[in-house]
file final-v3.cif (mmCIF, C-alpha atoms)
data_run
loop_
_atom_site.group_PDB
_atom_site.id
_atom_site.type_symbol
_atom_site.label_atom_id
_atom_site.label_comp_id
_atom_site.auth_asym_id
_atom_site.auth_seq_id
_atom_site.Cartn_x
_atom_site.Cartn_y
_atom_site.Cartn_z
ATOM 1 C CA MET Q 23 -19.211 7.330 11.724
ATOM 2 C CA LEU Q 24 -16.636 10.078 12.148
ATOM 3 C CA ARG Q 25 -18.008 12.784 14.383
ATOM 4 C CA ASN Q 26 -16.317 12.676 17.785
ATOM 5 C CA VAL Q 27 -12.531 13.002 17.460
ATOM 6 C CA VAL Q 28 -10.008 13.103 20.299
ATOM 7 C CA ALA Q 29 -6.340 14.031 19.875
ATOM 8 C CA VAL Q 30 -4.236 12.115 22.403
ATOM 9 C CA VAL Q 31 -1.043 13.712 23.720
ATOM 10 C CA LEU Q 32 1.763 12.786 26.090
ATOM 11 C CA GLU Q 33 4.672 14.881 27.256
ATOM 12 C CA GLU Q 34 6.752 15.964 25.512
ATOM 13 C CA VAL Q 35 4.164 16.956 22.953
ATOM 14 C CA HIS Q 36 5.351 17.428 19.364
ATOM 15 C CA PRO Q 37 3.508 20.561 18.197
ATOM 16 C CA PHE Q 38 3.474 19.868 14.468
ATOM 17 C CA GLU Q 39 1.904 16.418 14.772
ATOM 18 C CA LEU Q 40 -0.646 17.750 17.266
ATOM 19 C CA GLY Q 41 -1.322 20.614 14.865
ATOM 20 C CA VAL Q 42 -2.135 18.120 12.107
ATOM 21 C CA ALA Q 43 -4.989 16.637 14.129
ATOM 22 C CA CYS Q 44 -6.190 20.081 15.175
ATOM 23 C CA GLU Q 45 -6.096 21.426 11.616
ATOM 24 C CA VAL Q 46 -7.999 18.527 10.053
ATOM 25 C CA PHE Q 47 -10.579 17.914 12.772
ATOM 26 C CA GLY Q 48 -10.449 20.886 15.152
ATOM 27 C CA LEU Q 49 -11.533 23.772 12.894
ATOM 28 C CA ASP Q 50 -15.178 24.693 12.323
ATOM 29 C CA ARG Q 51 -15.686 24.609 8.547
ATOM 30 C CA THR Q 52 -19.465 24.189 8.605
ATOM 31 C CA ALA Q 53 -19.895 27.613 6.962
ATOM 32 C CA ASP Q 54 -18.213 26.083 3.908
ATOM 33 C CA GLY Q 55 -20.680 23.211 3.857
ATOM 34 C CA LEU Q 56 -18.210 20.798 5.421
ATOM 35 C CA PRO Q 57 -19.036 18.589 8.431
ATOM 36 C CA GLY Q 58 -18.077 19.682 11.916
ATOM 37 C CA TYR Q 59 -16.387 17.503 14.502
ATOM 38 C CA ASP Q 60 -16.751 17.325 18.263
ATOM 39 C CA PHE Q 61 -13.012 17.723 18.785
ATOM 40 C CA ALA Q 62 -11.148 17.506 22.099
ATOM 41 C CA LEU Q 63 -7.660 17.155 23.502
ATOM 42 C CA ALA Q 64 -6.932 14.412 26.044
ATOM 43 C CA GLY Q 65 -3.875 13.091 27.832
ATOM 44 C CA ALA Q 66 -2.947 10.781 30.652
ATOM 45 C CA HIS Q 67 -4.170 13.569 32.942
ATOM 46 C CA PRO Q 68 -5.704 17.019 32.458
ATOM 47 C CA GLY Q 69 -3.534 20.094 32.827
ATOM 48 C CA PRO Q 70 -0.526 21.722 31.177
ATOM 49 C CA HIS Q 71 1.699 19.465 29.060
ATOM 50 C CA ALA Q 72 5.212 20.471 28.039
ATOM 51 C CA THR Q 73 6.169 20.411 24.378
ATOM 52 C CA HIS Q 74 9.638 19.626 23.056
ATOM 53 C CA SER Q 75 9.693 23.190 21.687
ATOM 54 C CA GLY Q 76 9.709 24.861 25.082
ATOM 55 C CA PHE Q 77 6.101 25.934 25.586
ATOM 56 C CA THR Q 78 3.140 24.197 27.210
ATOM 57 C CA VAL Q 79 -0.243 23.034 25.933
ATOM 58 C CA ASP Q 80 -3.324 23.041 28.157
ATOM 59 C CA VAL Q 81 -4.965 19.613 27.958
ATOM 60 C CA PRO Q 82 -8.555 19.758 29.282
ATOM 61 C CA TYR Q 83 -9.273 16.039 29.587
ATOM 62 C CA GLY Q 84 -7.844 12.768 30.817
ATOM 63 C CA PRO Q 85 -8.408 9.263 29.405
ATOM 64 C CA GLU Q 86 -12.122 9.362 30.254
ATOM 65 C CA ARG Q 87 -12.735 11.656 27.256
ATOM 66 C CA LEU Q 88 -11.945 8.740 24.928
ATOM 67 C CA ALA Q 89 -15.119 6.954 26.055
ATOM 68 C CA ASP Q 90 -17.136 8.854 23.412
ATOM 69 C CA ALA Q 91 -14.557 8.993 20.633
ATOM 70 C CA ASP Q 92 -15.240 7.688 17.144
ATOM 71 C CA LEU Q 93 -11.568 8.339 16.380
ATOM 72 C CA ALA Q 94 -8.556 8.744 18.664
ATOM 73 C CA VAL Q 95 -5.563 10.408 16.996
ATOM 74 C CA VAL Q 96 -2.396 9.572 18.949
ATOM 75 C CA THR Q 97 0.135 12.282 18.204
ATOM 76 C CA ALA Q 98 3.926 12.098 18.483
ATOM 77 C CA SER Q 99 5.608 12.373 21.868
ATOM 78 C CA GLY Q 100 8.892 10.534 21.459
ATOM 79 C CA ILE Q 101 9.643 6.974 22.522
ATOM 80 C CA ARG Q 102 9.703 5.845 26.147
ATOM 81 C CA ASP Q 103 10.013 2.663 28.168
ATOM 82 C CA ALA Q 104 6.429 2.686 29.445
ATOM 83 C CA TYR Q 105 3.133 4.464 28.835
ATOM 84 C CA PRO Q 106 0.302 5.256 31.291
ATOM 85 C CA GLU Q 107 -1.899 2.176 31.568
ATOM 86 C CA PRO Q 108 -5.202 4.113 31.981
ATOM 87 C CA LEU Q 109 -4.572 5.774 28.627
ATOM 88 C CA LEU Q 110 -3.663 2.467 26.984
ATOM 89 C CA ALA Q 111 -6.826 0.883 28.385
ATOM 90 C CA ALA Q 112 -8.917 3.769 27.042
ATOM 91 C CA LEU Q 113 -7.413 3.293 23.557
ATOM 92 C CA ARG Q 114 -8.158 -0.432 23.669
ATOM 93 C CA ALA Q 115 -11.746 0.386 24.663
ATOM 94 C CA VAL Q 116 -12.144 2.702 21.639
ATOM 95 C CA VAL Q 117 -11.323 -0.195 19.308
ATOM 96 C CA ALA Q 118 -13.331 -2.743 21.312
ATOM 97 C CA ARG Q 119 -16.550 -0.754 20.884
ATOM 98 C CA GLY Q 120 -16.067 -0.164 17.167
ATOM 99 C CA GLY Q 121 -14.110 3.084 17.060
ATOM 100 C CA ARG Q 122 -10.805 3.727 15.304
ATOM 101 C CA VAL Q 123 -7.351 4.827 16.329
ATOM 102 C CA LEU Q 124 -4.765 6.639 14.236
ATOM 103 C CA SER Q 125 -1.144 7.330 15.145
ATOM 104 C CA ILE Q 126 1.171 9.983 13.771
ATOM 105 C CA CYS Q 127 4.929 9.335 13.780
ATOM 106 C CA SER Q 128 6.085 7.948 17.163
ATOM 107 C CA GLY Q 129 2.462 7.695 18.302
ATOM 108 C CA ALA Q 130 2.649 4.177 16.847
ATOM 109 C CA PHE Q 131 4.629 3.127 19.922
ATOM 110 C CA VAL Q 132 1.656 4.063 22.123
ATOM 111 C CA LEU Q 133 -0.607 1.840 20.024
ATOM 112 C CA GLY Q 134 1.991 -0.917 20.202
ATOM 113 C CA ALA Q 135 2.151 -0.658 23.992
ATOM 114 C CA ALA Q 136 -1.651 -0.931 24.067
ATOM 115 C CA GLY Q 137 -1.422 -4.185 22.105
ATOM 116 C CA LEU Q 138 -3.327 -2.707 19.181
ATOM 117 C CA LEU Q 139 -0.627 -3.442 16.589
ATOM 118 C CA ASP Q 140 -0.462 -7.180 17.258
ATOM 119 C CA GLY Q 141 -1.413 -9.139 14.155
ATOM 120 C CA ARG Q 142 -1.643 -5.971 12.085
ATOM 121 C CA ARG Q 143 0.509 -4.096 9.580
ATOM 122 C CA SER Q 144 1.899 -0.759 10.713
ATOM 123 C CA THR Q 145 4.363 2.021 10.001
ATOM 124 C CA THR Q 146 6.032 4.998 11.642
ATOM 125 C CA HIS Q 147 8.716 7.531 10.791
ATOM 126 C CA TRP Q 148 11.517 5.836 8.843
ATOM 127 C CA ARG Q 149 13.999 6.573 11.641
ATOM 128 C CA TYR Q 150 11.957 4.454 14.060
ATOM 129 C CA THR Q 151 10.752 1.516 11.953
ATOM 130 C CA ASP Q 152 13.484 -0.845 13.157
ATOM 131 C CA ASP Q 153 12.768 0.106 16.781
ATOM 132 C CA LEU Q 154 9.046 -0.454 16.279
ATOM 133 C CA ALA Q 155 9.603 -3.889 14.734
ATOM 134 C CA GLY Q 156 12.044 -4.894 17.468
ATOM 135 C CA ARG Q 157 9.879 -3.743 20.326
ATOM 136 C CA PHE Q 158 6.593 -5.102 18.968
ATOM 137 C CA PRO Q 159 7.385 -8.277 16.984
ATOM 138 C CA GLY Q 160 3.685 -9.045 16.604
ATOM 139 C CA THR Q 161 3.267 -6.293 14.006
ATOM 140 C CA ALA Q 162 4.416 -6.366 10.386
ATOM 141 C CA VAL Q 163 6.140 -2.993 10.010
ATOM 142 C CA GLN Q 164 5.991 -1.441 6.539
ATOM 143 C CA PRO Q 165 9.047 0.849 6.546
ATOM 144 C CA ASP Q 166 8.619 2.666 3.226
ATOM 145 C CA VAL Q 167 5.037 3.905 3.193
ATOM 146 C CA LEU Q 168 3.207 7.064 4.220
ATOM 147 C CA TYR Q 169 0.458 5.308 6.161
ATOM 148 C CA VAL Q 170 -1.097 1.894 6.701
ATOM 149 C CA ASP Q 171 -4.816 1.348 7.158
ATOM 150 C CA ASP Q 172 -5.300 -1.999 8.899
ATOM 151 C CA ASP Q 173 -8.820 -1.207 10.010
ATOM 152 C CA PRO Q 174 -9.589 -0.184 12.732
ATOM 153 C CA VAL Q 175 -5.954 0.826 13.323
ATOM 154 C CA VAL Q 176 -4.242 3.397 11.101
ATOM 155 C CA THR Q 177 -0.566 4.264 11.520
ATOM 156 C CA SER Q 178 1.343 6.956 9.662
ATOM 157 C CA ALA Q 179 4.899 8.112 9.146
ATOM 158 C CA GLY Q 180 6.434 11.395 10.269
ATOM 159 C CA THR Q 181 5.076 14.922 10.104
ATOM 160 C CA ALA Q 182 3.087 15.574 6.912
ATOM 161 C CA ALA Q 183 2.234 11.887 6.420
ATOM 162 C CA GLY Q 184 -0.167 12.379 9.314
ATOM 163 C CA ILE Q 185 -2.128 14.796 7.125
ATOM 164 C CA ASP Q 186 -2.408 12.107 4.459
ATOM 165 C CA ALA Q 187 -3.644 9.542 6.980
ATOM 166 C CA CYS Q 188 -6.235 11.915 8.467
ATOM 167 C CA LEU Q 189 -7.551 12.906 5.041
ATOM 168 C CA HIS Q 190 -7.617 9.229 4.078
ATOM 169 C CA LEU Q 191 -10.030 8.515 6.925
ATOM 170 C CA VAL Q 192 -12.148 11.545 6.045
ATOM 171 C CA ARG Q 193 -12.342 10.334 2.442
ATOM 172 C CA LYS Q 194 -13.098 6.774 3.565
ATOM 173 C CA PHE Q 195 -16.007 7.659 5.832
ATOM 174 C CA GLN Q 196 -17.256 11.008 4.529
ATOM 175 C CA GLY Q 197 -16.392 10.939 0.858
ATOM 176 C CA ALA Q 198 -13.864 12.411 -1.535
ATOM 177 C CA GLU Q 199 -15.653 15.746 -1.798
ATOM 178 C CA VAL Q 200 -15.359 16.382 1.954
ATOM 179 C CA ALA Q 201 -11.678 15.386 1.910
ATOM 180 C CA ARG Q 202 -11.047 17.701 -1.055
ATOM 181 C CA GLY Q 203 -12.808 20.556 0.719
ATOM 182 C CA ILE Q 204 -10.679 20.191 3.851
ATOM 183 C CA ALA Q 205 -7.504 19.801 1.781
ATOM 184 C CA ARG Q 206 -8.355 22.924 -0.202
ATOM 185 C CA ARG Q 207 -8.662 24.941 3.002
ATOM 186 C CA MET Q 208 -5.356 23.506 4.222
ATOM 187 C CA VAL Q 209 -3.703 24.069 0.807
ATOM 188 C CA VAL Q 210 -2.421 20.484 0.667
ATOM 189 C CA ALA Q 211 -2.775 17.625 -1.791
ATOM 190 C CA PRO Q 212 -6.190 16.004 -1.278
ATOM 191 C CA HIS Q 213 -4.967 12.459 -1.847
ATOM 192 C CA ARG Q 214 -1.619 10.722 -1.555
ATOM 193 C CA GLU Q 215 -1.835 6.954 -1.519
ATOM 194 C CA GLY Q 216 -0.599 5.325 1.668
ATOM 195 C CA GLY Q 217 1.703 3.062 -0.306
ATOM 196 C CA GLN Q 218 3.720 6.011 -1.585
ATOM 197 C CA ALA Q 219 7.243 5.861 -0.223
ATOM 198 C CA GLN Q 220 8.670 8.219 2.398
ATOM 199 C CA PHE Q 221 11.405 9.271 -0.083
ATOM 200 C CA VAL Q 222 14.240 8.201 2.180
ATOM 201 C CA ASN Q 223 17.798 7.760 0.924
ATOM 202 C CA ARG Q 224 19.406 4.755 2.575
ATOM 203 C CA PRO Q 225 23.174 5.236 2.488
ATOM 204 C CA LEU Q 226 25.230 2.073 2.262
ATOM 205 C CA PRO Q 227 26.837 1.225 5.617
ATOM 206 C CA GLU Q 228 30.602 1.368 5.524
ATOM 207 C CA GLY Q 229 32.272 -2.031 5.626
ATOM 208 C CA GLY Q 230 35.664 -3.221 6.707
ATOM 209 C CA GLY Q 231 38.625 -3.960 4.491
ATOM 210 C CA ASP Q 232 37.386 -7.470 3.709
ATOM 211 C CA SER Q 233 33.876 -6.315 2.835
ATOM 212 C CA LEU Q 234 32.238 -5.885 -0.555
ATOM 213 C CA ALA Q 235 32.454 -2.087 -0.246
ATOM 214 C CA PRO Q 236 34.896 -1.664 -3.190
ATOM 215 C CA LEU Q 237 32.675 -3.715 -5.479
ATOM 216 C CA LEU Q 238 29.541 -1.914 -4.314
ATOM 217 C CA ASP Q 239 31.267 1.393 -4.941
ATOM 218 C CA TRP Q 240 32.094 0.245 -8.483
ATOM 219 C CA MET Q 241 28.471 -0.831 -9.075
ATOM 220 C CA ARG Q 242 27.210 2.475 -7.736
ATOM 221 C CA HIS Q 243 29.447 4.432 -10.126
ATOM 222 C CA HIS Q 244 28.623 2.245 -13.146
ATOM 223 C CA PRO Q 245 24.832 1.887 -12.949
ATOM 224 C CA ASP Q 246 24.522 1.671 -16.734
ATOM 225 C CA GLN Q 247 26.617 -1.478 -16.940
ATOM 226 C CA GLU Q 248 24.930 -4.853 -16.751
ATOM 227 C CA ALA Q 249 26.826 -7.590 -14.904
ATOM 228 C CA THR Q 250 25.858 -11.138 -14.053
ATOM 229 C CA VAL Q 251 26.336 -12.640 -10.612
ATOM 230 C CA GLU Q 252 29.183 -14.660 -12.067
ATOM 231 C CA GLN Q 253 30.908 -11.528 -13.410
ATOM 232 C CA LEU Q 254 30.451 -9.656 -10.137
ATOM 233 C CA ALA Q 255 31.708 -12.651 -8.160
ATOM 234 C CA ALA Q 256 34.840 -12.797 -10.338
ATOM 235 C CA ARG Q 257 35.442 -9.087 -9.757
ATOM 236 C CA ALA Q 258 35.156 -9.750 -5.993
ATOM 237 C CA HIS Q 259 37.455 -12.830 -6.292
ATOM 238 C CA MET Q 260 34.786 -15.169 -4.917
ATOM 239 C CA SER Q 261 32.802 -18.106 -6.134
ATOM 240 C CA PRO Q 262 29.250 -17.165 -7.261
ATOM 241 C CA ARG Q 263 27.739 -19.044 -4.310
ATOM 242 C CA THR Q 264 29.982 -17.351 -1.733
ATOM 243 C CA PHE Q 265 29.445 -13.988 -3.399
ATOM 244 C CA ALA Q 266 25.650 -14.312 -3.337
ATOM 245 C CA ARG Q 267 25.718 -15.244 0.358
ATOM 246 C CA ARG Q 268 28.095 -12.390 1.279
ATOM 247 C CA PHE Q 269 26.099 -9.891 -0.747
ATOM 248 C CA GLN Q 270 22.913 -10.835 1.083
ATOM 249 C CA GLN Q 271 24.689 -10.569 4.439
ATOM 250 C CA GLU Q 272 26.125 -7.113 3.739
ATOM 251 C CA THR Q 273 23.210 -5.496 1.932
ATOM 252 C CA GLY Q 274 20.163 -7.511 2.976
ATOM 253 C CA THR Q 275 19.143 -8.058 -0.634
ATOM 254 C CA THR Q 276 20.232 -9.539 -3.963
ATOM 255 C CA PRO Q 277 22.705 -7.922 -6.395
ATOM 256 C CA HIS Q 278 19.931 -7.189 -8.901
ATOM 257 C CA ARG Q 279 17.625 -5.572 -6.358
ATOM 258 C CA TRP Q 280 20.468 -3.555 -4.866
ATOM 259 C CA LEU Q 281 21.501 -2.280 -8.289
ATOM 260 C CA VAL Q 282 17.929 -1.341 -9.179
ATOM 261 C CA GLY Q 283 17.728 0.587 -5.910
ATOM 262 C CA GLN Q 284 20.920 2.476 -6.715
ATOM 263 C CA ARG Q 285 19.608 3.268 -10.183
ATOM 264 C CA VAL Q 286 16.400 4.662 -8.724
ATOM 265 C CA LEU Q 287 18.383 6.779 -6.245
ATOM 266 C CA LEU Q 288 20.469 8.181 -9.102
ATOM 267 C CA ALA Q 289 17.305 8.887 -11.093
ATOM 268 C CA GLN Q 290 15.895 10.783 -8.094
ATOM 269 C CA ARG Q 291 19.004 12.972 -7.903
ATOM 270 C CA LEU Q 292 18.972 13.682 -11.637
ATOM 271 C CA LEU Q 293 15.266 14.534 -11.576
ATOM 272 C CA GLU Q 294 15.908 16.927 -8.695
ATOM 273 C CA SER Q 295 18.987 18.652 -10.093
ATOM 274 C CA THR Q 296 18.891 18.515 -13.919
ATOM 275 C CA THR Q 297 16.542 19.355 -16.767
ATOM 276 C CA GLU Q 298 17.331 16.151 -18.624
ATOM 277 C CA SER Q 299 14.399 14.280 -20.148
ATOM 278 C CA VAL Q 300 13.077 11.127 -18.542
ATOM 279 C CA ASP Q 301 14.430 9.167 -21.513
ATOM 280 C CA ALA Q 302 17.929 10.588 -21.041
ATOM 281 C CA ILE Q 303 17.836 9.918 -17.298
ATOM 282 C CA ALA Q 304 16.658 6.357 -17.919
ATOM 283 C CA ALA Q 305 19.656 5.758 -20.188
ATOM 284 C CA ARG Q 306 22.135 7.285 -17.723
ATOM 285 C CA CYS Q 307 20.787 5.165 -14.892
ATOM 286 C CA GLY Q 308 20.924 1.889 -16.785
ATOM 287 C CA PHE Q 309 17.193 1.395 -17.270
ATOM 288 C CA GLY Q 310 17.474 1.654 -21.038
ATOM 289 C CA ASN Q 311 14.186 3.438 -21.674
ATOM 290 C CA ALA Q 312 11.619 5.628 -19.955
ATOM 291 C CA ALA Q 313 9.081 2.809 -19.628
ATOM 292 C CA ALA Q 314 11.500 0.709 -17.571
ATOM 293 C CA LEU Q 315 12.372 3.709 -15.405
ATOM 294 C CA ARG Q 316 8.698 4.457 -14.771
ATOM 295 C CA HIS Q 317 8.074 0.806 -13.871
ATOM 296 C CA HIS Q 318 10.852 0.587 -11.287
ATOM 297 C CA PHE Q 319 10.259 4.122 -10.021
ATOM 298 C CA GLY Q 320 6.614 3.283 -9.413
ATOM 299 C CA ARG Q 321 7.420 0.010 -7.657
ATOM 300 C CA ARG Q 322 10.021 1.608 -5.394
ATOM 301 C CA LEU Q 323 8.467 5.014 -4.688
ATOM 302 C CA GLY Q 324 4.808 4.689 -5.598
ATOM 303 C CA THR Q 325 4.879 7.678 -7.955
ATOM 304 C CA THR Q 326 6.077 8.661 -11.421
ATOM 305 C CA PRO Q 327 9.357 10.361 -12.381
ATOM 306 C CA LEU Q 328 7.558 13.514 -13.544
ATOM 307 C CA ALA Q 329 5.430 13.711 -10.390
ATOM 308 C CA TYR Q 330 8.570 13.299 -8.293
ATOM 309 C CA ARG Q 331 10.310 16.074 -10.243
ATOM 310 C CA ARG Q 332 7.376 18.432 -9.686
ATOM 311 C CA CYS Q 333 7.557 17.845 -5.941
ATOM 312 C CA PHE Q 334 11.295 17.749 -5.333
ATOM 313 C CA ALA Q 335 13.160 19.499 -8.154
ATOM 314 C CA ASP Q 336 15.293 22.531 -7.468
ATOM 315 C CA PRO Q 337 13.148 25.622 -8.271
ATOM 316 C CA ALA Q 338 15.465 26.569 -11.116
ATOM 317 C CA VAL Q 339 14.977 23.095 -12.599
ATOM 318 C CA ALA Q 340 11.222 23.051 -12.041
ATOM 319 C CA GLN Q 341 10.822 26.393 -13.858
ATOM 320 C CA HIS Q 342 12.881 25.275 -16.862
#
call {"tool": "encode", "arguments": {"input": "final-v3.cif", "output": "structure tokens"}}
result
Amino acid sequence: MLRNVVAVVLEEVHPFELGVACEVFGLDRTADGLPGYDFALAGAHPGPHATHSGFTVDVPYGPERLADADLAVVTASGIRDAYPEPLLAALRAVVARGGRVLSICSGAFVLGAAGLLDGRRSTTHWRYTDDLAGRFPGTAVQPDVLYVDDDPVVTSAGTAAGIDACLHLVRKFQGAEVARGIARRMVVAPHREGGQAQFVNRPLPEGGGDSLAPLLDWMRHHPDQEATVEQLAARAHMSPRTFARRFQQETGTTPHRWLVGQRVLLAQRLLESTTESVDAIAARCGFGNAAALRHHFGRRLGTTPLAYRRCFADPAVAQH
């Protein structure tokens, strides 16, 4: 059942994330043959709520409005030390009686404070995933995805990922045709899988003089060259065992996985900025052939090289 939807806000309200909930569930599209929703806005208390953009939003209801909600959409409001307990209790009650909750961006911290992430997978904006994992160790944070559906709790990453999560729930409970109809009105993609990555570049942290930074720099500038752990260890003047341990400490992963990640990052940049074929890019990045590039690109980013180019290429490249 997805009929009664409440957008939950706290000061300072983030207008875009609130607008996502309003756009998907708050517009009357029944004239187009689409279902209508009993949509409302609720906060810790009724009345004007400041936004971080300098204007206010009139919130008609307090936590009591959640008593009838099939879905509570917790929008972004930044991260704080504590959240109003009556609102947290109302969110817990939604889940306890069979409803669902969905967070957009930093709204995940509200669900965490309510105890609704414990024992579940979750995500949030990539800038906050470490904070979310540290503050709520009972949840398994998925840092690279658009949204996570761990029914009855759905969490999504920043900004537009909230659209994907909302449309995912519409598709899940009301069918693909309804989701396509809403997406068509919004002029957005009707379906992006939650497992698709947030397309975040993770720059290598700078190390000290005794770090592996020089070797990592060499690997980054020679992605087409294969090198065994033994060869890399010799270049770093270490034993293979010491090298493997130091590499894990400095990068959090293995040499092979780190190199594959750098190759994918280079492929992203080439897809964005050049008109080279996928085969040529695969060779430049050290993948050898397009099939290998597509395999690793899909595993890392959840999409294909050509689909990525269509979304992110420079207009001059895309029109070539």
call {"tool": "atom_distance", "arguments": {"input": "final-v3.cif", "atom1": "CA of Ala179 in chain Q", "atom2": "CA of Ser128 in chain Q"}}
result
8.1 Å
call {"tool": "closest_residue", "arguments": {"input": "final-v3.cif", "among": "Q:Leu88, Q:Val123, Q:Ala255, Q:Ala135", "to": "Arg102 in chain Q", "atoms": "all atoms listed in the file"}}
result
Q:Ala135
call {"tool": "atom_distance", "arguments": {"input": "final-v3.cif", "atom1": "CA of Leu113 in chain Q", "atom2": "CA of Leu154 in chain Q"}}
result
18.4 Å
call {"tool": "closest_residue", "arguments": {"input": "final-v3.cif", "among": "Q:Gly160, Q:Ser144, Q:Leu189, Q:Arg316", "to": "Arg206 in chain Q", "atoms": "only C-alpha atoms"}}
result
Q:Leu189
call {"tool": "closest_residue", "arguments": {"input": "final-v3.cif", "among": "Q:Ala91, Q:Val286, Q:Leu292, Q:Ala29", "to": "Gly320 in chain Q", "atoms": "all atoms listed in the file"}}
result
Q:Val286
call {"tool": "residues_around", "arguments": {"input": "final-v3.cif", "residues": "range 198-203 of chain Q", "least_positions_apart": "5", "cutoff": "7 Å", "atoms": "all atoms listed in the file", "output": "list in words"}}
result
Leu56, Leu189, Val192, Arg193 and Pro212 of chain Q
call {"tool": "write_last_selection", "arguments": {"input": "final-v3.cif", "atoms": "C-alpha atoms", "output": "JSON list (two decimals), in the coordinates of the input"}}
result
[["chain", "number", "residue", "atom", "x", "y", "z"],
["Q", 56, "LEU", "CA", -18.21, 20.80, 5.42],
["Q", 189, "LEU", "CA", -7.55, 12.91, 5.04],
["Q", 192, "VAL", "CA", -12.15, 11.54, 6.04],
["Q", 193, "ARG", "CA", -12.34, 10.33, 2.44],
["Q", 212, "PRO", "CA", -6.19, 16.00, -1.28]]
call {"tool": "closest_residue", "arguments": {"input": "final-v3.cif", "among": "Q:Leu281, Q:Gly197, Q:Met208, Q:Ala187", "to": "Leu237 in chain Q", "atoms": "only C-alpha atoms"}}
result
Q:Leu281
call {"tool": "atom_distance", "arguments": {"input": "final-v3.cif", "atom1": "CA of Ala72 in chain Q", "atom2": "CA of Glu33 in chain Q"}}
result
5.7 Å
call {"tool": "build_atoms", "arguments": {"input": "final-v3.cif", "residues": "range 37-42 of chain Q", "atoms": "all heavy atoms", "output": "mmCIF file, in the frame of the given file"}}
result
data_model
loop_
_atom_site.group_PDB
_atom_site.id
_atom_site.type_symbol
_atom_site.label_atom_id
_atom_site.label_comp_id
_atom_site.auth_asym_id
_atom_site.auth_seq_id
_atom_site.Cartn_x
_atom_site.Cartn_y
_atom_site.Cartn_z
ATOM 1 N N PRO Q 37 4.552 19.629 18.643
ATOM 2 C CA PRO Q 37 3.508 20.561 18.197
ATOM 3 C C PRO Q 37 3.019 20.336 16.775
ATOM 4 O O PRO Q 37 1.833 20.486 16.495
ATOM 5 C CB PRO Q 37 4.173 21.935 18.344
ATOM 6 C CG PRO Q 37 5.235 21.735 19.364
ATOM 7 C CD PRO Q 37 5.732 20.350 19.156
ATOM 8 N N PHE Q 38 3.919 20.003 15.854
ATOM 9 C CA PHE Q 38 3.474 19.868 14.468
ATOM 10 C C PHE Q 38 2.466 18.736 14.340
ATOM 11 O O PHE Q 38 1.407 18.893 13.721
ATOM 12 C CB PHE Q 38 4.665 19.623 13.539
ATOM 13 C CG PHE Q 38 4.281 19.566 12.076
ATOM 14 C CD1 PHE Q 38 4.369 20.688 11.275
ATOM 15 C CD2 PHE Q 38 3.814 18.388 11.503
ATOM 16 C CE1 PHE Q 38 3.997 20.652 9.937
ATOM 17 C CE2 PHE Q 38 3.445 18.327 10.164
ATOM 18 C CZ PHE Q 38 3.545 19.469 9.384
ATOM 19 N N GLU Q 39 2.795 17.564 14.897
ATOM 20 C CA GLU Q 39 1.904 16.418 14.772
ATOM 21 C C GLU Q 39 0.571 16.676 15.473
ATOM 22 O O GLU Q 39 -0.481 16.261 14.984
ATOM 23 C CB GLU Q 39 2.582 15.166 15.330
ATOM 24 C CG GLU Q 39 3.660 14.596 14.422
ATOM 25 C CD GLU Q 39 4.988 15.362 14.477
ATOM 26 O OE1 GLU Q 39 5.079 16.338 15.240
ATOM 27 O OE2 GLU Q 39 5.930 14.977 13.763
ATOM 28 N N LEU Q 40 0.606 17.357 16.627
ATOM 29 C CA LEU Q 40 -0.646 17.750 17.266
ATOM 30 C C LEU Q 40 -1.404 18.722 16.375
ATOM 31 O O LEU Q 40 -2.632 18.627 16.221
ATOM 32 C CB LEU Q 40 -0.365 18.389 18.631
ATOM 33 C CG LEU Q 40 -1.579 19.016 19.334
ATOM 34 C CD1 LEU Q 40 -2.678 17.986 19.558
ATOM 35 C CD2 LEU Q 40 -1.153 19.660 20.653
ATOM 36 N N GLY Q 41 -0.681 19.653 15.753
ATOM 37 C CA GLY Q 41 -1.322 20.614 14.865
ATOM 38 C C GLY Q 41 -2.015 19.967 13.688
ATOM 39 O O GLY Q 41 -3.040 20.468 13.202
ATOM 40 N N VAL Q 42 -1.491 18.844 13.210
ATOM 41 C CA VAL Q 42 -2.135 18.120 12.107
ATOM 42 C C VAL Q 42 -3.543 17.711 12.507
ATOM 43 O O VAL Q 42 -4.516 17.948 11.777
ATOM 44 C CB VAL Q 42 -1.300 16.892 11.715
ATOM 45 C CG1 VAL Q 42 -2.110 15.957 10.817
ATOM 46 C CG2 VAL Q 42 -0.024 17.312 11.006
#
